[in-house]
file target.cif (mmCIF, C-alpha atoms, pLDDT in the B column; chains and numbers go by the auth columns)
data_start
#
loop_
_atom_site.group_PDB
_atom_site.id
_atom_site.type_symbol
_atom_site.label_atom_id
_atom_site.label_comp_id
_atom_site.label_asym_id
_atom_site.label_seq_id
_atom_site.Cartn_x
_atom_site.Cartn_y
_atom_site.Cartn_z
_atom_site.B_iso_or_equiv
_atom_site.auth_seq_id
_atom_site.auth_asym_id
ATOM 1 C CA MET A 1 -34.571 -10.414 -102.557 53.00 1 A
ATOM 2 C CA GLY A 2 -32.180 -12.613 -100.632 57.00 2 A
ATOM 3 C CA GLU A 3 -29.232 -11.380 -102.661 63.00 3 A
ATOM 4 C CA ASN A 4 -30.238 -7.719 -102.223 63.00 4 A
ATOM 5 C CA SER A 5 -30.597 -8.246 -98.497 63.00 5 A
ATOM 6 C CA MET A 6 -27.130 -9.693 -98.301 65.00 6 A
ATOM 7 C CA ASN A 7 -25.689 -6.797 -100.277 64.00 7 A
ATOM 8 C CA ARG A 8 -27.335 -4.272 -97.952 66.00 8 A
ATOM 9 C CA ARG A 9 -25.911 -6.098 -94.933 67.00 9 A
ATOM 10 C CA LYS A 10 -22.435 -5.947 -96.490 65.00 10 A
ATOM 11 C CA VAL A 11 -22.862 -2.221 -97.085 62.00 11 A
ATOM 12 C CA TYR A 12 -24.088 -1.686 -93.505 67.00 12 A
ATOM 13 C CA THR A 13 -21.168 -3.691 -92.190 71.00 13 A
ATOM 14 C CA ILE A 14 -18.678 -1.675 -94.248 71.00 14 A
ATOM 15 C CA VAL A 15 -20.278 1.631 -93.191 62.00 15 A
ATOM 16 C CA LEU A 16 -20.388 0.561 -89.551 68.00 16 A
ATOM 17 C CA SER A 17 -16.759 -0.558 -89.678 68.00 17 A
ATOM 18 C CA ALA A 18 -15.725 2.707 -91.277 67.00 18 A
ATOM 19 C CA PHE A 19 -17.682 4.700 -88.701 64.00 19 A
ATOM 20 C CA SER A 20 -16.129 2.679 -85.893 68.00 20 A
ATOM 21 C CA VAL A 21 -12.666 3.320 -87.291 65.00 21 A
ATOM 22 C CA LEU A 22 -13.501 7.041 -87.546 70.00 22 A
ATOM 23 C CA ILE A 23 -14.767 7.182 -83.968 73.00 23 A
ATOM 24 C CA LEU A 24 -11.720 5.275 -82.737 72.00 24 A
ATOM 25 C CA GLY A 25 -9.472 7.642 -84.645 67.00 25 A
ATOM 26 C CA ILE A 26 -11.189 10.653 -83.072 73.00 26 A
ATOM 27 C CA ILE A 27 -10.825 9.144 -79.595 72.00 27 A
ATOM 28 C CA VAL A 28 -7.127 8.370 -80.168 63.00 28 A
ATOM 29 C CA TRP A 29 -6.533 11.892 -81.525 68.00 29 A
ATOM 30 C CA HIS A 30 -8.338 13.447 -78.558 67.00 30 A
ATOM 31 C CA VAL A 31 -6.410 11.386 -76.032 58.00 31 A
ATOM 32 C CA SER A 32 -3.128 12.122 -77.804 64.00 32 A
ATOM 33 C CA ASN A 33 -3.916 15.836 -78.061 66.00 33 A
ATOM 34 C CA THR A 34 -4.917 16.008 -74.392 64.00 34 A
ATOM 35 C CA SER A 35 -1.742 14.180 -73.387 61.00 35 A
ATOM 36 C CA THR A 36 0.358 16.540 -75.508 63.00 36 A
ATOM 37 C CA LYS A 37 -1.284 19.597 -73.952 61.00 37 A
ATOM 38 C CA LYS A 38 -0.763 18.133 -70.498 61.00 38 A
ATOM 39 C CA THR A 39 2.880 17.461 -71.275 70.00 39 A
ATOM 40 C CA GLN A 40 3.304 21.003 -72.608 72.00 40 A
ATOM 41 C CA ALA A 41 1.603 22.451 -69.526 71.00 41 A
ATOM 42 C CA GLU A 42 3.877 20.404 -67.254 77.00 42 A
ATOM 43 C CA ALA A 43 6.900 21.550 -69.217 73.00 43 A
ATOM 44 C CA GLN A 44 5.799 25.171 -68.878 77.00 44 A
ATOM 45 C CA GLN A 45 5.360 24.706 -65.125 80.00 45 A
ATOM 46 C CA GLN A 46 8.887 23.276 -64.908 80.00 46 A
ATOM 47 C CA VAL A 47 10.235 26.303 -66.792 77.00 47 A
ATOM 48 C CA ILE A 48 8.351 28.654 -64.447 78.00 48 A
ATOM 49 C CA LYS A 49 9.719 26.815 -61.393 77.00 49 A
ATOM 50 C CA LYS A 50 13.269 26.984 -62.757 76.00 50 A
ATOM 51 C CA ASN A 51 12.932 30.712 -63.459 73.00 51 A
ATOM 52 C CA ARG A 52 11.632 31.302 -59.936 74.00 52 A
ATOM 53 C CA ALA A 53 14.534 29.325 -58.518 64.00 53 A
ATOM 54 C CA LYS A 54 16.978 31.415 -60.577 64.00 54 A
ATOM 55 C CA LYS A 55 15.387 34.633 -59.317 64.00 55 A
ATOM 56 C CA LYS A 56 15.757 33.441 -55.735 58.00 56 A
ATOM 57 C CA LEU A 57 19.426 32.712 -56.356 49.00 57 A
ATOM 58 C CA LYS A 58 19.905 36.143 -57.916 56.00 58 A
ATOM 59 C CA LYS A 59 18.117 37.870 -55.037 62.00 59 A
ATOM 60 C CA LYS A 60 20.636 39.903 -53.127 70.00 60 A
ATOM 61 C CA VAL A 61 21.480 38.790 -49.614 78.00 61 A
ATOM 62 C CA PRO A 62 21.000 41.724 -47.210 86.00 62 A
ATOM 63 C CA SER A 63 24.328 43.407 -46.554 92.00 63 A
ATOM 64 C CA PRO A 64 25.846 46.777 -45.644 93.00 64 A
ATOM 65 C CA LEU A 65 26.273 47.468 -49.355 88.00 65 A
ATOM 66 C CA ASN A 66 22.690 46.940 -50.523 92.00 66 A
ATOM 67 C CA VAL A 67 20.622 48.001 -47.503 94.00 67 A
ATOM 68 C CA LYS A 68 18.020 50.653 -48.267 94.00 68 A
ATOM 69 C CA ASP A 69 19.169 53.553 -46.112 97.00 69 A
ATOM 70 C CA ASP A 70 17.192 56.579 -45.008 96.00 70 A
ATOM 71 C CA LYS A 71 17.110 59.288 -47.655 96.00 71 A
ATOM 72 C CA HIS A 72 18.968 61.650 -45.303 98.00 72 A
ATOM 73 C CA MET A 73 21.935 59.304 -44.827 98.00 73 A
ATOM 74 C CA VAL A 74 25.366 60.514 -45.865 98.00 74 A
ATOM 75 C CA LYS A 75 26.445 58.245 -48.718 96.00 75 A
ATOM 76 C CA LEU A 76 28.671 55.484 -47.407 96.00 76 A
ATOM 77 C CA GLU A 77 31.486 56.354 -49.799 96.00 77 A
ATOM 78 C CA ASN A 78 31.476 59.913 -48.420 96.00 78 A
ATOM 79 C CA PHE A 79 31.009 58.982 -44.769 98.00 79 A
ATOM 80 C CA LYS A 80 33.785 59.694 -42.250 97.00 80 A
ATOM 81 C CA TYR A 81 34.206 58.528 -38.650 98.00 81 A
ATOM 82 C CA ASN A 82 34.044 62.126 -37.414 98.00 82 A
ATOM 83 C CA SER A 83 30.717 62.954 -39.093 98.00 83 A
ATOM 84 C CA ALA A 84 27.093 62.225 -38.277 98.00 84 A
ATOM 85 C CA SER A 85 25.488 59.411 -40.252 98.00 85 A
ATOM 86 C CA GLU A 86 22.505 61.514 -41.332 98.00 86 A
ATOM 87 C CA LYS A 87 22.187 65.055 -42.617 98.00 87 A
ATOM 88 C CA LYS A 88 19.103 65.691 -40.477 98.00 88 A
ATOM 89 C CA GLU A 89 18.920 66.569 -36.786 98.00 89 A
ATOM 90 C CA TYR A 90 19.065 63.895 -34.115 98.00 90 A
ATOM 91 C CA PRO A 91 15.652 63.087 -32.603 98.00 91 A
ATOM 92 C CA ASP A 92 14.402 64.771 -29.444 98.00 92 A
ATOM 93 C CA LEU A 93 13.936 61.772 -27.152 98.00 93 A
ATOM 94 C CA TYR A 94 11.673 63.762 -24.815 97.00 94 A
ATOM 95 C CA LYS A 95 9.089 63.490 -27.602 98.00 95 A
ATOM 96 C CA TYR A 96 9.597 59.732 -27.833 98.00 96 A
ATOM 97 C CA PRO A 97 9.561 58.257 -24.319 96.00 97 A
ATOM 98 C CA LYS A 98 9.264 54.704 -25.692 97.00 98 A
ATOM 99 C CA ALA A 99 12.159 55.008 -28.139 98.00 99 A
ATOM 100 C CA TRP A 100 14.536 52.045 -28.393 98.00 100 A
ATOM 101 C CA ILE A 101 17.765 51.031 -30.129 99.00 101 A
ATOM 102 C CA ASP A 102 17.817 48.457 -32.928 98.00 102 A
ATOM 103 C CA VAL A 103 21.247 47.004 -33.788 98.00 103 A
ATOM 104 C CA ASP A 104 21.268 45.110 -37.099 98.00 104 A
ATOM 105 C CA ILE A 105 24.423 43.009 -37.410 98.00 105 A
ATOM 106 C CA THR A 106 23.487 41.934 -40.953 97.00 106 A
ATOM 107 C CA THR A 107 23.635 45.435 -42.378 98.00 107 A
ATOM 108 C CA GLN A 108 25.987 47.037 -39.822 98.00 108 A
ATOM 109 C CA ARG A 109 23.420 49.679 -38.952 98.00 109 A
ATOM 110 C CA VAL A 110 21.987 51.038 -35.708 98.00 110 A
ATOM 111 C CA TYR A 111 18.495 52.513 -35.681 98.00 111 A
ATOM 112 C CA ILE A 112 16.896 54.750 -33.088 98.00 112 A
ATOM 113 C CA LYS A 113 13.244 53.759 -33.248 98.00 113 A
ATOM 114 C CA ASP A 114 9.864 54.725 -31.929 98.00 114 A
ATOM 115 C CA GLY A 115 7.811 51.561 -32.290 97.00 115 A
ATOM 116 C CA LYS A 116 8.455 50.491 -35.894 97.00 116 A
ATOM 117 C CA THR A 117 9.305 54.002 -37.072 98.00 117 A
ATOM 118 C CA ASN A 118 12.966 54.829 -37.700 98.00 118 A
ATOM 119 C CA LEU A 119 13.837 58.137 -36.073 98.00 119 A
ATOM 120 C CA TYR A 120 17.513 58.047 -36.949 98.00 120 A
ATOM 121 C CA GLU A 121 19.935 55.653 -38.630 98.00 121 A
ATOM 122 C CA MET A 122 23.637 55.233 -37.860 98.00 122 A
ATOM 123 C CA TYR A 123 26.538 53.481 -39.531 98.00 123 A
ATOM 124 C CA SER A 124 28.110 51.012 -37.122 98.00 124 A
ATOM 125 C CA SER A 125 30.592 48.183 -36.783 98.00 125 A
ATOM 126 C CA THR A 126 29.849 45.174 -34.581 98.00 126 A
ATOM 127 C CA GLY A 127 32.015 42.288 -33.360 98.00 127 A
ATOM 128 C CA LYS A 128 34.406 40.401 -35.611 97.00 128 A
ATOM 129 C CA HIS A 129 33.947 36.619 -35.605 96.00 129 A
ATOM 130 C CA ASP A 130 30.325 37.058 -34.501 97.00 130 A
ATOM 131 C CA THR A 131 31.264 38.297 -31.016 98.00 131 A
ATOM 132 C CA THR A 132 28.437 40.801 -30.479 98.00 132 A
ATOM 133 C CA PRO A 133 25.761 39.112 -28.335 98.00 133 A
ATOM 134 C CA ARG A 134 22.259 38.932 -29.810 98.00 134 A
ATOM 135 C CA GLY A 135 19.216 39.498 -27.666 98.00 135 A
ATOM 136 C CA THR A 136 17.222 42.145 -25.857 98.00 136 A
ATOM 137 C CA TYR A 137 19.089 44.270 -23.343 98.00 137 A
ATOM 138 C CA HIS A 138 18.766 47.677 -21.672 98.00 138 A
ATOM 139 C CA ILE A 139 21.107 50.625 -21.359 98.00 139 A
ATOM 140 C CA GLN A 140 22.976 50.395 -18.043 98.00 140 A
ATOM 141 C CA ASN A 141 24.333 53.102 -15.769 98.00 141 A
ATOM 142 C CA GLU A 142 27.970 52.734 -16.770 98.00 142 A
ATOM 143 C CA ARG A 143 29.044 55.466 -19.172 98.00 143 A
ATOM 144 C CA GLY A 144 31.957 57.843 -19.592 98.00 144 A
ATOM 145 C CA ASP A 145 33.827 60.125 -21.936 98.00 145 A
ATOM 146 C CA PHE A 146 36.943 57.931 -22.424 98.00 146 A
ATOM 147 C CA PHE A 147 38.494 54.567 -21.591 98.00 147 A
ATOM 148 C CA TYR A 148 41.647 52.719 -22.546 98.00 148 A
ATOM 149 C CA THR A 149 42.240 48.950 -22.443 96.00 149 A
ATOM 150 C CA ALA A 150 45.947 48.256 -22.121 96.00 150 A
ATOM 151 C CA PRO A 151 45.904 44.564 -23.195 96.00 151 A
ATOM 152 C CA LEU A 152 44.215 45.529 -26.451 95.00 152 A
ATOM 153 C CA LYS A 153 46.150 48.788 -26.762 96.00 153 A
ATOM 154 C CA LEU A 154 42.877 50.450 -27.755 98.00 154 A
ATOM 155 C CA GLY A 155 40.582 53.017 -26.206 98.00 155 A
ATOM 156 C CA ALA A 156 37.452 54.919 -27.219 98.00 156 A
ATOM 157 C CA TYR A 157 35.358 57.966 -26.414 98.00 157 A
ATOM 158 C CA TYR A 158 31.760 58.246 -25.218 98.00 158 A
ATOM 159 C CA TYR A 159 31.088 54.721 -23.995 98.00 159 A
ATOM 160 C CA VAL A 160 27.666 53.547 -22.824 98.00 160 A
ATOM 161 C CA SER A 161 27.116 50.056 -21.408 98.00 161 A
ATOM 162 C CA PHE A 162 24.277 47.759 -22.503 98.00 162 A
ATOM 163 C CA LEU A 163 25.429 44.404 -21.068 98.00 163 A
ATOM 164 C CA ASN A 164 27.477 43.110 -18.136 98.00 164 A
ATOM 165 C CA HIS A 165 28.046 46.582 -16.663 98.00 165 A
ATOM 166 C CA GLY A 166 30.909 47.793 -18.791 97.00 166 A
ATOM 167 C CA GLU A 167 31.779 44.694 -20.816 98.00 167 A
ATOM 168 C CA TYR A 168 29.628 45.373 -23.876 98.00 168 A
ATOM 169 C CA LEU A 169 29.390 48.995 -24.915 98.00 169 A
ATOM 170 C CA PHE A 170 28.369 51.488 -27.517 98.00 170 A
ATOM 171 C CA HIS A 171 31.462 53.612 -28.101 98.00 171 A
ATOM 172 C CA THR A 172 33.282 55.540 -30.803 98.00 172 A
ATOM 173 C CA THR A 173 35.513 53.863 -33.313 98.00 173 A
ATOM 174 C CA PRO A 174 38.696 53.018 -31.352 98.00 174 A
ATOM 175 C CA THR A 175 41.670 55.183 -30.506 98.00 175 A
ATOM 176 C CA ASP A 176 45.268 54.523 -29.531 98.00 176 A
ATOM 177 C CA GLU A 177 46.717 55.284 -26.093 95.00 177 A
ATOM 178 C CA GLN A 178 47.008 58.982 -26.918 96.00 178 A
ATOM 179 C CA GLY A 179 43.331 59.178 -27.882 97.00 179 A
ATOM 180 C CA THR A 180 44.007 59.399 -31.620 98.00 180 A
ATOM 181 C CA TYR A 181 41.488 57.564 -33.747 98.00 181 A
ATOM 182 C CA VAL A 182 42.759 54.473 -35.531 98.00 182 A
ATOM 183 C CA LYS A 183 41.742 55.191 -39.113 96.00 183 A
ATOM 184 C CA SER A 184 42.235 51.616 -40.322 97.00 184 A
ATOM 185 C CA ILE A 185 39.439 50.563 -37.950 98.00 185 A
ATOM 186 C CA ALA A 186 37.371 53.708 -38.459 98.00 186 A
ATOM 187 C CA LYS A 187 36.922 52.946 -42.144 97.00 187 A
ATOM 188 C CA THR A 188 34.979 49.776 -41.297 98.00 188 A
ATOM 189 C CA LEU A 189 31.991 51.745 -39.966 98.00 189 A
ATOM 190 C CA GLY A 190 28.896 50.833 -41.934 98.00 190 A
ATOM 191 C CA ARG A 191 30.859 48.263 -43.936 97.00 191 A
ATOM 192 C CA GLU A 192 31.984 45.326 -41.817 97.00 192 A
ATOM 193 C CA PRO A 193 32.498 44.102 -38.236 98.00 193 A
ATOM 194 C CA SER A 194 35.725 45.209 -36.552 98.00 194 A
ATOM 195 C CA SER A 195 35.161 45.239 -32.785 98.00 195 A
ATOM 196 C CA HIS A 196 35.760 42.716 -29.996 97.00 196 A
ATOM 197 C CA GLY A 197 32.008 42.602 -29.327 98.00 197 A
ATOM 198 C CA CYS A 198 31.058 46.206 -28.673 98.00 198 A
ATOM 199 C CA VAL A 199 29.213 48.422 -31.141 98.00 199 A
ATOM 200 C CA HIS A 200 31.388 51.056 -32.809 98.00 200 A
ATOM 201 C CA LEU A 201 29.809 54.321 -33.960 98.00 201 A
ATOM 202 C CA SER A 202 31.006 57.602 -35.430 98.00 202 A
ATOM 203 C CA VAL A 203 32.096 60.292 -33.007 98.00 203 A
ATOM 204 C CA PRO A 204 29.001 62.554 -33.302 98.00 204 A
ATOM 205 C CA ASP A 205 26.573 59.602 -33.298 98.00 205 A
ATOM 206 C CA CYS A 206 28.127 58.055 -30.214 98.00 206 A
ATOM 207 C CA LYS A 207 28.374 61.383 -28.405 98.00 207 A
ATOM 208 C CA TRP A 208 24.644 61.873 -29.000 98.00 208 A
ATOM 209 C CA ILE A 209 23.883 58.457 -27.475 98.00 209 A
ATOM 210 C CA TYR A 210 26.194 59.218 -24.551 98.00 210 A
ATOM 211 C CA GLU A 211 24.497 62.546 -23.871 98.00 211 A
ATOM 212 C CA ASN A 212 20.865 61.687 -24.666 98.00 212 A
ATOM 213 C CA VAL A 213 20.001 58.000 -24.331 98.00 213 A
ATOM 214 C CA PRO A 214 18.757 57.264 -20.812 98.00 214 A
ATOM 215 C CA SER A 215 19.554 54.243 -18.688 98.00 215 A
ATOM 216 C CA GLY A 216 16.866 51.616 -19.106 98.00 216 A
ATOM 217 C CA MET A 217 16.284 52.190 -22.830 98.00 217 A
ATOM 218 C CA LYS A 218 15.728 48.908 -24.650 98.00 218 A
ATOM 219 C CA VAL A 219 18.417 47.598 -26.993 98.00 219 A
ATOM 220 C CA VAL A 220 17.663 44.793 -29.461 98.00 220 A
ATOM 221 C CA ILE A 221 20.567 43.148 -31.285 98.00 221 A
ATOM 222 C CA HIS A 222 19.908 40.724 -34.128 98.00 222 A
ATOM 223 C CA GLY A 223 21.067 39.461 -37.528 98.00 223 A
ATOM 224 C CA LYS A 224 24.202 37.815 -38.874 96.00 224 A
ATOM 225 C CA TYR A 225 26.887 39.414 -40.993 97.00 225 A
ATOM 226 C CA GLN A 226 27.864 37.571 -44.153 91.00 226 A
ATOM 227 C CA THR A 227 31.280 38.195 -45.648 84.00 227 A
ATOM 228 C CA GLN A 228 30.939 40.077 -48.923 70.00 228 A
ATOM 229 C CA LYS A 229 32.440 38.593 -52.076 64.00 229 A
ATOM 230 C CA ALA A 230 34.872 40.825 -53.867 52.00 230 A
#

call {"tool": "encode", "arguments": {"input": "target.cif", "output": "structure tokens"}}
result
Amino acid sequence: MGENSMNRRKVYTIVLSAFSVLILGIIVWHVSNTSTKKTQAEAQQQVIKKNRAKKKLKKKVPSPLNVKDDKHMVKLENFKYNSASEKKEYPDLYKYPKAWIDVDITTQRVYIKDGKTNLYEMYSSTGKHDTTPRGTYHIQNERGDFFYTAPLKLGAYYYVSFLNHGEYLFHTTPTDEQGTYVKSIAKTLGREPSSHGCVHLSVPDCKWIYENVPSGMKVVIHGKYQTQKA
């Protein structure tokens, strides 16, 4: 009996040892598998983060060339300084007593707005070297059909002041002393800044502002132009 008892104990010990080894193996496998999954999940998250970062880098910076224009806009490549920016009629401001002017330096666009609604969009050219002042202003009383600045040897038609009573204006793309439009400057409308701080517009667009926009209308100027890579 004593010998049988000892044999059974040996068997129990062997079985228990084997079971312990099995359990330990399962635990090690589980921990290893969990760690591997965690590592894979972390790696996937890193890949997702990198892809998001790449998408942000690829995201186009707002510019005159990628702005989403109104569907009625004349295509920029077909636009001329002596044409209206849109193919539709200019808005009747009597119907929009709270209309205001939004000047976006980033995209070189001017918007006539009623609240957040765009009534009309215009190609424009603001100040070179960031010389157009940002802020909220109001149309002033100074306006006229032509001016000429001898020191600059440039003039313009249909000027309307919005700051410093004649210093900062909406006016047509510039002219020479004889009133002839300077085409090298005119071609910058809707594309890049070219003024000394004023806001250049096409002839019909500026004439409409001159004839229709009342003194006191709000003007908001914002944004920053970024030089476009070739």

call {"tool": "residues_around", "arguments": {"input": "target.cif", "residues": "Gly166 of chain A", "least_positions_apart": "5", "cutoff": "8 Å", "atoms": "all atoms listed in the file", "output": "PyMOL selection string"}}
result
chain A and resi 142-143+160-161

call {"tool": "resolve_selection", "arguments": {"input": "target.cif", "expression": "the PyMOL selection byres ((chain A and resi 223) around 12)", "output": "PDB file with C-alpha atoms, in the coordinates of the input"}}
result
ATOM      1  CA  PRO A  62      21.000  41.724 -47.210  1.00 86.00           C
ATOM      2  CA  SER A  63      24.328  43.407 -46.554  1.00 92.00           C
ATOM      3  CA  PRO A  64      25.846  46.777 -45.644  1.00 93.00           C
ATOM      4  CA  ASP A 102      17.817  48.457 -32.928  1.00 98.00           C
ATOM      5  CA  VAL A 103      21.247  47.004 -33.788  1.00 98.00           C
ATOM      6  CA  ASP A 104      21.268  45.110 -37.099  1.00 98.00           C
ATOM      7  CA  ILE A 105      24.423  43.009 -37.410  1.00 98.00           C
ATOM      8  CA  THR A 106      23.487  41.934 -40.953  1.00 97.00           C
ATOM      9  CA  THR A 107      23.635  45.435 -42.378  1.00 98.00           C
ATOM     10  CA  GLN A 108      25.987  47.037 -39.822  1.00 98.00           C
ATOM     11  CA  ARG A 109      23.420  49.679 -38.952  1.00 98.00           C
ATOM     12  CA  VAL A 110      21.987  51.038 -35.708  1.00 98.00           C
ATOM     13  CA  THR A 126      29.849  45.174 -34.581  1.00 98.00           C
ATOM     14  CA  ASP A 130      30.325  37.058 -34.501  1.00 97.00           C
ATOM     15  CA  THR A 132      28.437  40.801 -30.479  1.00 98.00           C
ATOM     16  CA  PRO A 133      25.761  39.112 -28.335  1.00 98.00           C
ATOM     17  CA  ARG A 134      22.259  38.932 -29.810  1.00 98.00           C
ATOM     18  CA  GLY A 135      19.216  39.498 -27.666  1.00 98.00           C
ATOM     19  CA  VAL A 220      17.663  44.793 -29.461  1.00 98.00           C
ATOM     20  CA  ILE A 221      20.567  43.148 -31.285  1.00 98.00           C
ATOM     21  CA  HIS A 222      19.908  40.724 -34.128  1.00 98.00           C
ATOM     22  CA  LYS A 224      24.202  37.815 -38.874  1.00 96.00           C
ATOM     23  CA  TYR A 225      26.887  39.414 -40.993  1.00 97.00           C
ATOM     24  CA  GLN A 226      27.864  37.571 -44.153  1.00 91.00           C
TER      25      GLN A 226
END

call {"tool": "closest_residue", "arguments": {"input": "target.cif", "among": "A:Cys198, A:Leu189, A:Ala150, A:Leu119", "to": "Lys95 of chain A", "atoms": "all atoms listed in the file"}}
result
A:Leu119

call {"tool": "resolve_selection", "arguments": {"input": "target.cif", "expression": "the PyMOL selection byres ((chain A and resi 173-181) around 6)", "output": "JSON, numbers by chain"}}
result
{"A": [154, 155, 156, 172, 182, 183, 186, 200, 201]}

call {"tool": "atom_distance", "arguments": {"input": "target.cif", "atom1": "atom CA of Ser194 of chain A", "atom2": "atom CA of Thr131 of chain A"}}
result
9.9 Å

call {"tool": "atom_distance", "arguments": {"input": "target.cif", "atom1": "atom CA of Ile101 of chain A", "atom2": "atom CA of Lys207 of chain A"}}
result
14.9 Å

call {"tool": "atom_distance", "arguments": {"input": "target.cif", "atom1": "atom CA of Lys187 of chain A", "atom2": "atom CA of Gly127 of chain A"}}
result
14.7 Å

call {"tool": "residues_around", "arguments": {"input": "target.cif", "residues": "segment 96-100 of chain A", "least_positions_apart": "6", "cutoff": "9 Å", "atoms": "all atoms listed in the file", "output": "compact mmCIF listing (two decimals) with C-alpha atoms, keeping the file's coordinate frame"}}
result
# COMPACT_ATOMS: atom_id res chain seq x y z
CA TYR A 111 18.50 52.51 -35.68
CA ILE A 112 16.90 54.75 -33.09
CA LYS A 113 13.24 53.76 -33.25
CA ASP A 114 9.86 54.72 -31.93
CA GLY A 115 7.81 51.56 -32.29
CA LEU A 119 13.84 58.14 -36.07
CA MET A 217 16.28 52.19 -22.83
CA LYS A 218 15.73 48.91 -24.65
CA VAL A 219 18.42 47.60 -26.99
CA VAL A 220 17.66 44.79 -29.46

call {"tool": "build_atoms", "arguments": {"input": "target.cif", "residues": "segment 177-188 of chain A", "atoms": "N, CA, C and O atoms", "output": "mmCIF file, in the frame of the given file"}}
result
data_model
loop_
_atom_site.group_PDB
_atom_site.id
_atom_site.type_symbol
_atom_site.label_atom_id
_atom_site.label_comp_id
_atom_site.auth_asym_id
_atom_site.auth_seq_id
_atom_site.Cartn_x
_atom_site.Cartn_y
_atom_site.Cartn_z
ATOM 1 N N GLU A 177 46.522 54.847 -27.481
ATOM 2 C CA GLU A 177 46.717 55.284 -26.093
ATOM 3 C C GLU A 177 46.643 56.796 -25.944
ATOM 4 O O GLU A 177 46.207 57.322 -24.913
ATOM 5 N N GLN A 178 47.015 57.514 -26.966
ATOM 6 C CA GLN A 178 47.008 58.982 -26.918
ATOM 7 C C GLN A 178 45.623 59.569 -27.257
ATOM 8 O O GLN A 178 45.444 60.782 -27.238
ATOM 9 N N GLY A 179 44.674 58.698 -27.570
ATOM 10 C CA GLY A 179 43.331 59.178 -27.882
ATOM 11 C C GLY A 179 43.149 59.544 -29.350
ATOM 12 O O GLY A 179 42.147 60.165 -29.720
ATOM 13 N N THR A 180 44.101 59.131 -30.185
ATOM 14 C CA THR A 180 44.007 59.399 -31.620
ATOM 15 C C THR A 180 43.256 58.252 -32.290
ATOM 16 O O THR A 180 43.562 57.078 -32.058
ATOM 17 N N TYR A 181 42.296 58.596 -33.101
ATOM 18 C CA TYR A 181 41.488 57.564 -33.747
ATOM 19 C C TYR A 181 42.315 56.715 -34.705
ATOM 20 O O TYR A 181 43.153 57.232 -35.447
ATOM 21 N N VAL A 182 42.059 55.410 -34.656
ATOM 22 C CA VAL A 182 42.759 54.473 -35.531
ATOM 23 C C VAL A 182 41.983 54.407 -36.848
ATOM 24 O O VAL A 182 40.933 53.767 -36.942
ATOM 25 N N LYS A 183 42.493 55.034 -37.864
ATOM 26 C CA LYS A 183 41.742 55.191 -39.113
ATOM 27 C C LYS A 183 41.506 53.869 -39.846
ATOM 28 O O LYS A 183 40.527 53.711 -40.566
ATOM 29 N N SER A 184 42.416 52.909 -39.655
ATOM 30 C CA SER A 184 42.235 51.616 -40.322
ATOM 31 C C SER A 184 41.002 50.886 -39.794
ATOM 32 O O SER A 184 40.377 50.106 -40.509
ATOM 33 N N ILE A 185 40.652 51.150 -38.534
ATOM 34 C CA ILE A 185 39.439 50.563 -37.950
ATOM 35 C C ILE A 185 38.240 51.452 -38.258
ATOM 36 O O ILE A 185 37.144 50.965 -38.537
ATOM 37 N N ALA A 186 38.458 52.755 -38.230
ATOM 38 C CA ALA A 186 37.371 53.708 -38.459
ATOM 39 C C ALA A 186 36.707 53.503 -39.817
ATOM 40 O O ALA A 186 35.493 53.688 -39.966
ATOM 41 N N LYS A 187 37.483 53.095 -40.805
ATOM 42 C CA LYS A 187 36.922 52.946 -42.144
ATOM 43 C C LYS A 187 35.984 51.750 -42.283
ATOM 44 O O LYS A 187 35.333 51.589 -43.313
ATOM 45 N N THR A 188 35.902 50.925 -41.240
ATOM 46 C CA THR A 188 34.979 49.776 -41.297
ATOM 47 C C THR A 188 33.549 50.153 -40.919
ATOM 48 O O THR A 188 32.631 49.355 -41.133
#
